[in-house]
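So this one's work_15.csv, CSV, C-alpha atoms:
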chain,number,residue,atom,x,y,z
B,231,MET,CA,107.5,90.8,117.5
B,232,GLU,CA,107.7,92.9,120.6
B,233,ASP,CA,104.7,93.7,122.8
B,234,ARG,CA,104.4,97.2,121.3
B,235,CYS,CA,101.1,97.6,119.4
B,236,PRO,CA,101.9,97.6,115.7
B,237,VAL,CA,101.0,100.5,113.5
B,238,THR,CA,98.8,99.7,110.5
B,239,LEU,CA,100.5,101.4,107.5
B,240,ASP,CA,98.3,103.7,105.4
B,241,THR,CA,97.8,101.9,102.1
B,242,THR,CA,96.5,105.0,100.5
B,243,GLY,CA,99.8,106.9,100.9
B,244,ARG,CA,98.0,110.1,101.9
B,245,ASP,CA,100.9,111.5,103.9
B,246,ILE,CA,104.0,109.3,103.7
B,247,HIS,CA,106.3,111.9,105.3
B,248,ALA,CA,104.1,112.4,108.4
B,249,GLU,CA,103.7,108.7,108.8
B,250,ALA,CA,107.5,108.2,108.6
B,251,ALA,CA,108.1,111.0,111.1
B,252,SER,CA,105.6,109.4,113.5
B,253,LEU,CA,107.2,106.0,113.2
B,254,ARG,CA,110.7,107.4,113.6
B,255,LYS,CA,109.8,108.9,116.9
B,256,GLN,CA,108.8,105.4,118.2
B,257,GLY,CA,112.4,104.1,117.7
B,258,ALA,CA,114.9,102.7,115.2
B,259,ALA,CA,112.7,99.7,114.5
B,260,THR,CA,108.9,99.9,114.8
B,261,PRO,CA,106.4,97.1,114.4
B,262,VAL,CA,103.9,97.7,111.6
B,263,LEU,CA,101.1,95.8,109.8
B,264,LEU,CA,101.2,95.4,106.0
B,265,PRO,CA,98.1,94.8,103.9
B,266,GLY,CA,96.4,91.6,105.0
B,267,GLY,CA,97.6,92.2,108.5
B,268,VAL,CA,101.0,90.8,107.8
B,269,PRO,CA,103.5,91.9,110.5
B,270,ALA,CA,106.9,93.6,109.7
B,271,TRP,CA,109.4,96.0,111.1
B,272,SER,CA,109.6,99.6,109.8
B,273,ILE,CA,113.0,101.2,109.7
B,274,ASN,CA,112.8,105.0,109.4
B,275,SER,CA,116.1,106.6,110.6
B,276,HIS,CA,119.2,107.2,108.5
B,277,ALA,CA,121.5,105.5,110.9
B,278,ALA,CA,119.3,102.4,111.3
B,279,ILE,CA,118.6,102.1,107.5
B,280,LYS,CA,122.3,102.4,106.6
B,281,ALA,CA,123.1,99.7,109.1
B,282,VAL,CA,120.4,97.4,107.8
B,283,LEU,CA,121.4,97.9,104.1
B,284,THR,CA,124.9,96.6,104.8
B,285,ASP,CA,124.1,94.0,107.4
B,286,SER,CA,124.9,90.5,106.1
B,287,ARG,CA,122.3,89.1,108.6
B,288,VAL,CA,119.5,90.9,106.5
B,289,THR,CA,118.6,89.5,103.1
B,290,LYS,CA,115.9,90.1,100.5
B,291,SER,CA,115.1,86.4,99.8
B,292,ALA,CA,111.7,85.4,101.0
B,293,ARG,CA,112.1,81.8,99.7
B,294,ASN,CA,115.2,81.4,101.8
B,295,HIS,CA,114.6,83.5,104.9
B,296,TRP,CA,111.0,84.3,105.5
B,297,PRO,CA,109.4,81.4,107.4
B,298,ALA,CA,105.9,82.9,107.0
B,299,PHE,CA,106.3,82.6,103.2
B,300,ILE,CA,108.2,79.3,103.2
B,301,ASN,CA,105.5,77.7,105.5
B,302,GLY,CA,102.6,78.9,103.4
B,303,GLU,CA,101.3,81.4,105.9
B,304,ILE,CA,101.5,84.1,103.1
B,305,PRO,CA,98.7,83.3,100.7
B,306,PRO,CA,99.3,83.3,96.9
B,307,ASP,CA,96.8,86.2,96.6
B,308,TRP,CA,98.4,88.4,99.2
B,309,GLU,CA,98.1,92.0,98.2
B,310,MET,CA,101.9,92.3,97.9
B,311,ILE,CA,102.7,88.9,96.5
B,312,SER,CA,104.4,90.2,93.3
B,313,TRP,CA,107.1,91.9,95.4
B,314,ILE,CA,108.2,88.7,97.2
B,315,ALA,CA,107.5,86.0,94.5
B,316,MET,CA,110.1,87.5,92.1
B,317,ASP,CA,113.3,85.5,91.6
B,318,ASN,CA,115.9,87.9,90.3
B,319,MET,CA,118.9,90.0,91.5
B,320,VAL,CA,116.6,92.1,93.6
B,321,THR,CA,115.5,89.1,95.7
B,322,ALA,CA,118.5,86.8,95.3
B,323,TYR,CA,120.8,85.8,98.2
B,324,GLY,CA,124.6,85.2,98.4
B,325,LYS,CA,126.2,83.6,95.4
B,326,ASP,CA,123.0,83.9,93.3
B,327,HIS,CA,122.9,87.6,93.9
B,328,VAL,CA,126.5,88.1,92.9
B,329,ARG,CA,126.0,85.9,89.7
B,330,LEU,CA,122.8,87.8,88.6
B,331,ARG,CA,124.2,91.2,89.4
B,332,ARG,CA,127.3,90.5,87.4
B,333,LEU,CA,125.3,89.5,84.4
B,334,VAL,CA,123.0,92.5,84.5
B,335,GLY,CA,125.7,94.9,85.4
B,336,LYS,CA,127.3,94.6,82.0
B,337,ALA,CA,124.4,96.6,80.6
B,338,PHE,CA,125.0,99.5,82.9
B,339,THR,CA,128.7,100.4,82.5
B,340,PRO,CA,129.6,104.1,82.3
B,341,ARG,CA,130.4,103.6,78.6
B,342,ARG,CA,127.0,102.0,77.8
B,343,THR,CA,125.3,104.7,79.9
B,344,GLU,CA,126.8,107.5,77.9
B,345,ALA,CA,126.0,105.7,74.6
B,346,ILE,CA,122.3,106.1,75.2
B,347,ARG,CA,122.5,109.9,75.6
B,348,PRO,CA,121.4,110.6,72.0
B,349,ARG,CA,118.3,108.4,72.5
B,350,ILE,CA,117.4,110.3,75.7
B,351,VAL,CA,117.8,113.6,73.8
B,352,GLU,CA,115.7,112.3,70.9
B,353,LEU,CA,112.9,111.1,73.2
B,354,THR,CA,112.9,114.4,75.1
B,355,GLU,CA,112.6,116.4,71.9
B,356,GLU,CA,109.7,114.2,70.7
B,357,LEU,CA,107.9,114.9,73.9
B,358,MET,CA,108.6,118.6,73.7
B,359,ALA,CA,107.1,118.6,70.2
B,360,GLY,CA,104.0,117.0,71.6
B,361,LEU,CA,103.7,119.6,74.4
B,362,ALA,CA,104.1,122.4,71.8
B,363,THR,CA,100.7,121.4,70.4
B,364,ALA,CA,98.9,122.6,73.6
B,365,ALA,CA,96.8,125.7,73.1
B,366,PRO,CA,97.7,128.8,75.1
B,367,GLY,CA,96.4,128.5,78.6
B,368,GLU,CA,95.4,124.9,78.2
B,369,VAL,CA,95.9,122.7,81.3
B,370,VAL,CA,98.3,119.8,80.5
B,371,ASP,CA,98.9,116.7,82.6
B,372,LEU,CA,102.7,116.8,82.6
B,373,ARG,CA,102.9,113.4,84.4
B,374,GLU,CA,101.1,111.8,81.5
B,375,ARG,CA,102.7,113.9,78.7
B,376,PHE,CA,106.3,114.0,80.0
B,377,ALA,CA,107.2,112.5,83.3
B,378,TYR,CA,105.7,109.1,82.5
B,379,PRO,CA,106.7,108.5,78.8
B,380,LEU,CA,110.3,109.7,78.9
B,381,PRO,CA,111.7,107.1,81.3
B,382,ALA,CA,109.1,104.4,80.4
B,383,ARG,CA,110.0,104.6,76.7
B,384,LEU,CA,113.7,104.7,77.4
B,385,VAL,CA,113.7,101.6,79.6
B,386,ALA,CA,111.5,99.8,77.1
B,387,ASP,CA,114.2,100.6,74.4
B,388,LEU,CA,116.9,99.3,76.7
B,389,ILE,CA,115.2,95.9,77.0
B,390,GLY,CA,114.0,95.9,73.4
B,391,MET,CA,110.3,96.0,74.2
B,392,SER,CA,107.8,97.1,71.6
B,393,GLU,CA,105.7,100.2,72.3
B,394,GLU,CA,102.5,98.1,72.2
B,395,ALA,CA,103.9,95.7,74.7
B,396,ARG,CA,105.2,98.5,76.9
B,397,VAL,CA,101.8,100.2,77.1
B,398,SER,CA,100.1,96.9,78.0
B,399,THR,CA,102.7,96.1,80.7
B,400,ALA,CA,102.6,99.6,82.1
B,401,LYS,CA,99.0,99.0,83.4
B,402,VAL,CA,100.3,95.9,85.4
B,403,ILE,CA,103.2,97.9,86.8
B,404,ASP,CA,100.9,100.7,88.0
B,405,MET,CA,98.7,98.2,89.8
B,406,MET,CA,101.7,96.4,91.3
B,407,VAL,CA,102.8,99.6,93.2
B,408,ASP,CA,99.2,100.3,94.3
B,409,THR,CA,98.9,99.1,97.9
B,410,THR,CA,95.1,99.4,97.9
B,411,VAL,CA,94.6,96.5,95.5
B,412,THR,CA,92.4,93.5,96.5
B,413,PRO,CA,93.8,90.0,96.8
B,414,GLN,CA,92.0,89.1,93.5
B,415,GLN,CA,93.7,92.0,91.8
B,416,ALA,CA,97.1,91.1,93.3
B,417,GLN,CA,96.9,87.6,91.8
B,418,SER,CA,96.0,88.9,88.4
B,419,VAL,CA,98.9,91.4,88.6
B,420,LEU,CA,101.4,88.6,89.3
B,421,MET,CA,100.0,86.5,86.4
B,422,GLY,CA,99.8,89.6,84.2
B,423,TRP,CA,103.4,90.7,84.4
B,424,ARG,CA,104.8,87.2,84.2
B,425,GLY,CA,102.7,86.5,81.1
B,426,ALA,CA,103.8,89.8,79.5
B,427,MET,CA,107.5,89.1,80.2
B,428,ALA,CA,107.2,85.6,78.8
B,429,ASP,CA,105.7,87.0,75.6
B,430,HIS,CA,108.4,89.6,75.4
B,431,ILE,CA,111.2,87.1,75.9
B,432,ALA,CA,109.6,84.8,73.2
B,433,ALA,CA,109.6,87.7,70.8
B,434,LYS,CA,113.2,88.5,71.5
B,435,ARG,CA,114.3,84.8,71.1
B,436,ALA,CA,112.7,84.9,67.7
B,437,ASN,CA,114.2,88.2,66.7
B,438,PRO,CA,117.2,89.1,69.0
B,439,GLY,CA,118.6,92.6,68.8
B,440,GLU,CA,121.0,95.0,70.5
B,441,ASP,CA,119.3,95.1,73.9
B,442,ILE,CA,119.5,93.8,77.4
B,443,THR,CA,116.9,91.1,76.9
B,444,SER,CA,118.8,89.6,74.0
B,445,ASP,CA,122.0,89.7,76.0
B,446,LEU,CA,120.4,87.9,78.9
B,447,ILE,CA,118.7,85.4,76.7
B,448,ALA,CA,122.1,84.6,75.2
B,449,ALA,CA,123.5,84.1,78.7
B,450,ARG,CA,120.5,81.9,79.6
B,451,ASP,CA,120.7,79.7,76.5
B,452,GLU,CA,124.5,79.4,76.5
B,453,ASP,CA,124.5,76.4,78.7
B,454,GLY,CA,121.2,76.6,80.5
B,455,SER,CA,122.8,77.1,83.9
B,456,ARG,CA,123.8,80.7,84.1
B,457,LEU,CA,120.2,82.0,84.3
B,458,SER,CA,117.1,80.1,84.9
B,459,GLU,CA,114.0,80.8,82.9
B,460,GLN,CA,112.2,82.4,85.9
B,461,GLU,CA,115.3,84.4,86.8
B,462,LEU,CA,115.4,85.7,83.2
B,463,THR,CA,111.7,86.6,83.2
B,464,ASP,CA,111.8,88.3,86.6
B,465,THR,CA,115.1,90.1,86.0
B,466,ILE,CA,113.7,91.7,82.8
B,467,PHE,CA,110.6,92.8,84.7
B,468,ALA,CA,112.7,94.2,87.5
B,469,ILE,CA,114.7,96.4,85.1
B,470,LEU,CA,111.5,97.6,83.4
B,471,GLY,CA,109.7,98.4,86.6
B,472,ALA,CA,112.6,99.8,88.6
B,473,GLY,CA,114.0,101.8,85.7
B,474,SER,CA,110.7,103.5,84.8
B,475,GLU,CA,108.5,103.8,87.9
B,476,THR,CA,111.1,105.5,90.1
B,477,THR,CA,112.2,108.0,87.4
B,478,ILE,CA,108.6,108.9,86.5
B,479,ASN,CA,108.0,109.9,90.1
B,480,PHE,CA,111.3,111.7,90.3
B,481,PHE,CA,110.3,114.0,87.4
B,482,ASP,CA,106.9,114.5,89.0
B,483,ASN,CA,108.4,115.6,92.3
B,484,ALA,CA,111.2,117.6,90.7
B,485,ILE,CA,108.9,119.6,88.5
B,486,THR,CA,106.5,120.2,91.5
B,487,ALA,CA,109.4,121.4,93.7
B,488,LEU,CA,110.9,123.7,91.2
B,489,VAL,CA,107.7,125.5,90.2
B,490,SER,CA,106.9,125.8,93.9
B,491,HIS,CA,110.3,127.5,94.5
B,492,PRO,CA,110.8,129.8,91.5
B,493,GLU,CA,113.7,131.6,93.0
B,494,GLN,CA,115.6,128.3,93.1
B,495,LEU,CA,114.7,127.4,89.6
B,496,GLU,CA,116.0,130.8,88.5
B,497,ALA,CA,119.3,130.1,90.3
B,498,VAL,CA,119.7,127.0,88.2
B,499,ARG,CA,118.8,128.6,85.0
B,500,ALA,CA,121.2,131.5,85.7
B,501,GLY,CA,124.0,129.0,86.4
B,502,ARG,CA,124.3,129.8,90.1
B,503,SER,CA,123.4,126.2,90.9
B,504,SER,CA,123.5,123.0,88.9
B,505,TRP,CA,121.0,120.5,87.8
B,506,ASP,CA,122.9,118.0,89.9
B,507,ASP,CA,122.1,120.2,92.9
B,508,VAL,CA,118.4,119.9,91.9
B,509,ILE,CA,118.5,116.2,91.4
B,510,ASP,CA,120.1,115.4,94.7
B,511,GLU,CA,117.9,117.7,96.7
B,512,VAL,CA,114.8,116.2,95.1
B,513,LEU,CA,116.0,112.7,95.8
B,514,ARG,CA,116.7,113.8,99.4
B,515,MET,CA,113.5,115.6,100.0
B,516,GLU,CA,111.1,113.6,97.9
B,517,SER,CA,112.5,110.1,97.3
B,518,PRO,CA,110.5,108.6,94.4
B,519,LEU,CA,110.8,105.2,96.2
B,520,VAL,CA,109.2,105.2,99.6
B,521,GLN,CA,109.4,101.6,100.8
B,522,LEU,CA,110.6,98.6,98.8
B,523,PRO,CA,109.2,95.3,100.0
B,524,LEU,CA,110.8,93.4,101.7
B,525,ARG,CA,113.9,92.3,103.7
B,526,TYR,CA,114.2,89.5,106.3
B,527,ALA,CA,116.3,88.9,109.4
B,528,VAL,CA,118.5,85.8,108.9
B,529,GLU,CA,119.4,86.0,112.6
B,530,ASP,CA,118.3,88.2,115.4
B,531,VAL,CA,119.3,91.8,114.6
B,532,THR,CA,119.5,94.6,117.2
B,533,LEU,CA,119.1,98.2,116.2
B,534,ASP,CA,119.4,100.9,118.9
B,535,GLY,CA,118.4,98.5,121.6
B,536,VAL,CA,115.4,97.0,119.7
B,537,THR,CA,115.8,93.3,118.6
B,538,ILE,CA,114.2,92.2,115.3
B,539,PRO,CA,113.8,88.4,115.7
B,540,LYS,CA,115.2,85.9,113.2
B,541,GLY,CA,112.7,85.3,110.4
B,542,ASP,CA,110.8,88.6,110.7
B,543,ALA,CA,110.1,90.8,107.7
B,544,ILE,CA,111.7,94.3,107.5
B,545,LEU,CA,110.5,97.3,105.5
B,546,VAL,CA,113.1,100.1,104.8
B,547,ASN,CA,111.7,103.6,104.4
B,548,TYR,CA,114.0,105.3,101.9
B,549,ALA,CA,111.8,108.5,101.8
B,550,ALA,CA,112.5,108.9,105.6
B,551,VAL,CA,116.3,109.1,105.2
B,552,GLY,CA,116.6,112.5,103.7
B,553,ARG,CA,114.1,114.0,106.2
B,554,ASP,CA,115.7,112.6,109.3
B,555,PRO,CA,116.5,115.6,111.7
B,556,ALA,CA,119.4,113.6,113.1
B,557,LEU,CA,121.0,113.9,109.6
B,558,HIS,CA,119.8,117.2,108.3
B,559,GLY,CA,118.7,119.1,111.4
B,560,ASP,CA,115.7,121.4,111.8
B,561,SER,CA,115.7,122.2,108.0
B,562,ALA,CA,115.2,118.5,107.0
B,563,ASP,CA,111.7,119.3,105.7
B,564,VAL,CA,112.8,122.4,103.7
B,565,PHE,CA,113.6,122.1,100.0
B,566,ASP,CA,116.9,123.9,99.4
B,567,ILE,CA,119.1,123.2,96.4
B,568,HIS,CA,121.8,125.4,98.0
B,569,ARG,CA,122.3,123.2,101.1
B,570,ALA,CA,125.8,121.7,101.3
B,571,ASP,CA,124.8,118.3,102.6
B,572,LYS,CA,122.2,116.5,100.4
B,573,THR,CA,122.8,113.0,101.7
B,574,HIS,CA,120.2,110.5,100.8
B,575,LEU,CA,120.0,106.7,100.2
B,576,THR,CA,117.5,106.8,97.3
B,577,PHE,CA,119.7,104.7,95.1
B,578,GLY,CA,120.2,102.3,98.0
B,579,HIS,CA,123.4,101.4,99.7
B,580,GLY,CA,125.6,98.4,99.9
B,581,PRO,CA,125.3,95.2,97.8
B,582,HIS,CA,121.9,96.2,96.3
B,583,PHE,CA,122.9,99.7,95.2
B,584,CYS,CA,121.0,100.7,92.1
B,585,LEU,CA,122.8,99.6,88.9
B,586,GLY,CA,120.9,102.1,86.8
B,587,ALA,CA,121.8,105.2,89.0
B,588,GLY,CA,124.0,106.6,86.2
B,589,ILE,CA,121.2,106.4,83.6
B,590,ALA,CA,118.7,107.8,86.0
B,591,ARG,CA,120.9,110.9,86.6
B,592,LEU,CA,121.5,111.3,82.9
B,593,VAL,CA,117.9,111.2,81.9
B,594,ALA,CA,117.0,113.5,84.8
B,595,ASN,CA,119.5,116.1,83.8
B,596,ILE,CA,118.6,116.1,80.1
B,597,GLY,CA,114.9,116.0,80.8
B,598,LEU,CA,114.7,118.8,83.4
B,599,SER,CA,117.1,121.1,81.6
B,600,THR,CA,115.3,120.8,78.3
B,601,LEU,CA,111.8,121.2,79.8
B,602,PHE,CA,112.6,124.3,81.7
B,603,ALA,CA,114.6,125.8,78.9
B,604,ARG,CA,111.5,125.5,76.8
B,605,TYR,CA,109.0,126.4,79.5
B,606,PRO,CA,110.8,128.6,82.1
B,607,ASN,CA,107.5,129.9,83.4
B,608,LEU,CA,105.7,126.6,83.7
B,609,ALA,CA,103.2,126.7,86.6
B,610,LEU,CA,100.9,124.4,88.4
B,611,ALA,CA,97.3,124.7,87.4
B,612,VAL,CA,96.1,123.9,90.9
B,613,PRO,CA,97.5,124.7,94.4
B,614,LYS,CA,100.2,122.2,95.4
B,615,ASP,CA,98.2,120.9,98.3
B,616,GLU,CA,95.5,119.8,95.9
B,617,LEU,CA,97.7,117.4,94.0
B,618,LEU,CA,96.5,113.9,94.8
B,619,PRO,CA,99.1,111.4,96.0
B,620,LEU,CA,99.4,108.0,94.4
B,621,PRO,CA,97.5,105.3,96.3
B,622,THR,CA,100.6,103.6,97.7
B,623,PHE,CA,103.2,103.5,100.4
B,624,ILE,CA,105.7,102.0,97.9
B,625,MET,CA,106.1,105.0,95.5
B,626,ASN,CA,106.0,108.8,96.1
B,627,GLY,CA,104.3,110.8,93.4
B,628,HIS,CA,101.0,112.3,92.2
B,629,GLN,CA,98.1,110.8,90.3
B,630,THR,CA,98.2,113.7,87.9
B,631,LEU,CA,100.4,116.9,87.5
B,632,PRO,CA,98.2,119.6,85.9
B,633,VAL,CA,100.2,122.6,84.6
B,634,ARG,CA,100.0,125.5,82.3
B,635,LEU,CA,102.8,125.9,79.8
B,636,THR,CA,104.2,129.2,78.7
B,637,PRO,CA,106.9,128.9,76.1
B,638,ALA,CA,110.1,130.9,76.4

As structure tokens:
Amino acid sequence: MEDRCPVTLDTTGRDIHAEAASLRKQGAATPVLLPGGVPAWSINSHAAIKAVLTDSRVTKSARNHWPAFINGEIPPDWEMISWIAMDNMVTAYGKDHVRLRRLVGKAFTPRRTEAIRPRIVELTEELMAGLATAAPGEVVDLRERFAYPLPARLVADLIGMSEEARVSTAKVIDMMVDTTVTPQQAQSVLMGWRGAMADHIAAKRANPGEDITSDLIAARDEDGSRLSEQELTDTIFAILGAGSETTINFFDNAITALVSHPEQLEAVRAGRSSWDDVIDEVLRMESPLVQLPLRYAVEDVTLDGVTIPKGDAILVNYAAVGRDPALHGDSADVFDIHRADKTHLTFGHGPHFCLGAGIARLVANIGLSTLFARYPNLALAVPKDELLPLPTFIMNGHQTLPVRLTPA
């Protein structure tokens, strides 16, 4: 790593946007320290991030391309061990990535995405019925009562997971994205989600159904070579975590933004703007995913005159893309659903583009339109600046979202 003094990332996530802006000013690639003092390079500009995401010299496979991990310098109880120990399409390299992505991609075709619309509507209506039980003026945590359960229950349905197992596994996922965990907690998280997935897969082997897990088990058991047992376990977990956690935080951020800009909410409800406008502006302004650990330089990679040496770890800051002044000018920090250019990379770019993007957009559209049709005057119960951020630099959301509901 270059002689520049590395920046220690704020594990509490107190102000992810200010941190990204500060890092961006230091250059296209900036040395940082992850939990445990592990060095990496932070990429915080749109141009540099887009280049990294499509560069064949950058991979996501620690077991193939991160010497610190391969040589045992990264301890098994490292605070972020779950993110690099996974063996699935998220971390696979080359032919393995193509093989795994092709298998999983069958579950996310446009036809299958549209087929789950009735279930999204059903879940949304169930949650609306629950909100309707709130007393007039009662403060409701909308993250707990709506933003969290809608995507979490939907993804659990997709993989055929029982509600009891989902609730249990959710605690592990919440800890996994928390970058303030101790080494002891990190090890228990890794063991926890692997154990939970093994139990879930065993249950589906005994009672297969019409779900992604059963489909992947069939592919795994067909000849024993298409999908290893660990790939199966880690792939199901990746679908559960990625499909729920990001959309939970999307709803959190979208609701916060809309109630903080009532004139823009009214424009959507009056048909002058669309829910797609809202979705893309929220994804630009408040990417639910901040930084997804990790990528690695297979060879020396030069970005804007800065060389990332072969074998070094790389951390891409997705939340920084939409707020890059080089892309969106002086208004990059302004929420405006009317802006013509809402470019973002929240769903990724290149070979790792999110397979579930279509489902995420569908559930976002149905969820937001239904919520605000039922509660057009929904309001925060505390000032916006008093909402507490999640203790993480991986995800972007709030610990709670207290609101007061006023039915239409």

Handout entry: Long-range neighbours of stretch 267-272 of chain B as a PyMOL selection string, 10 Å cut-off, all atoms listed in the file, 2 positions minimum in chain
Key = chain B and resi 231+236-239+250+253-254+257-265+274-275+279+298+303-304+308+521+524-526+538-539+542-547

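Taking atom CA of B:Gly559 and atom CA of B:Thr284 as the two end points, the separation is 24.3 Å.
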
Practice task
For atom CA of B:Val351 and atom CA of B:Ala365, determine how far apart the two atoms are, in Å to one decimal place.
Solution key: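 Going from atom CA of B:Val351 over to atom CA of B:Ala365 covers 24.2 Å.
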
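One distance worth recording is that between atom CA of B:Arg329 and atom CA of B:Ser517, which is 28.7 Å.
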
Problem - Nearest residue to B:Lys572 from the set B:Val551, B:Leu608, B:Ala382, B:Met358 (distances using all atoms listed in the file) - result: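 Checking each candidate against B:Lys572, we get B:Val551 as the closest.
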
Exercise for the section: Extract, using all atoms listed in the file, all DNA, RNA and protein residues at most 10 Å from B:His579, discarding same-chain residues fewer than 3 positions from it, and format them as a list in words. Expected result: Ile279, Lys280, Ala281, Val282, Leu283, Thr284, His574, Leu575, Thr576, His582, Phe583 and Cys584 of chain B

Practice task
Identify which of the residues B:Leu533, B:Ala315, B:Leu330, B:Val385 lies closest to B:Trp423, counting only C-alpha atoms when measuring atom-to-atom distances.
Solution key: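 Closest candidate: B:Ala315.
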
Practice task
Choose the residue, out of B:Leu388, B:Leu372, B:Ala359, B:Ala472, that has the smallest atom-to-atom separation from B:Ala587; count only C-alpha atoms.
Solution key: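 Looking only at the distances to B:Ala587, the closest residue turns out to be B:Ala472.
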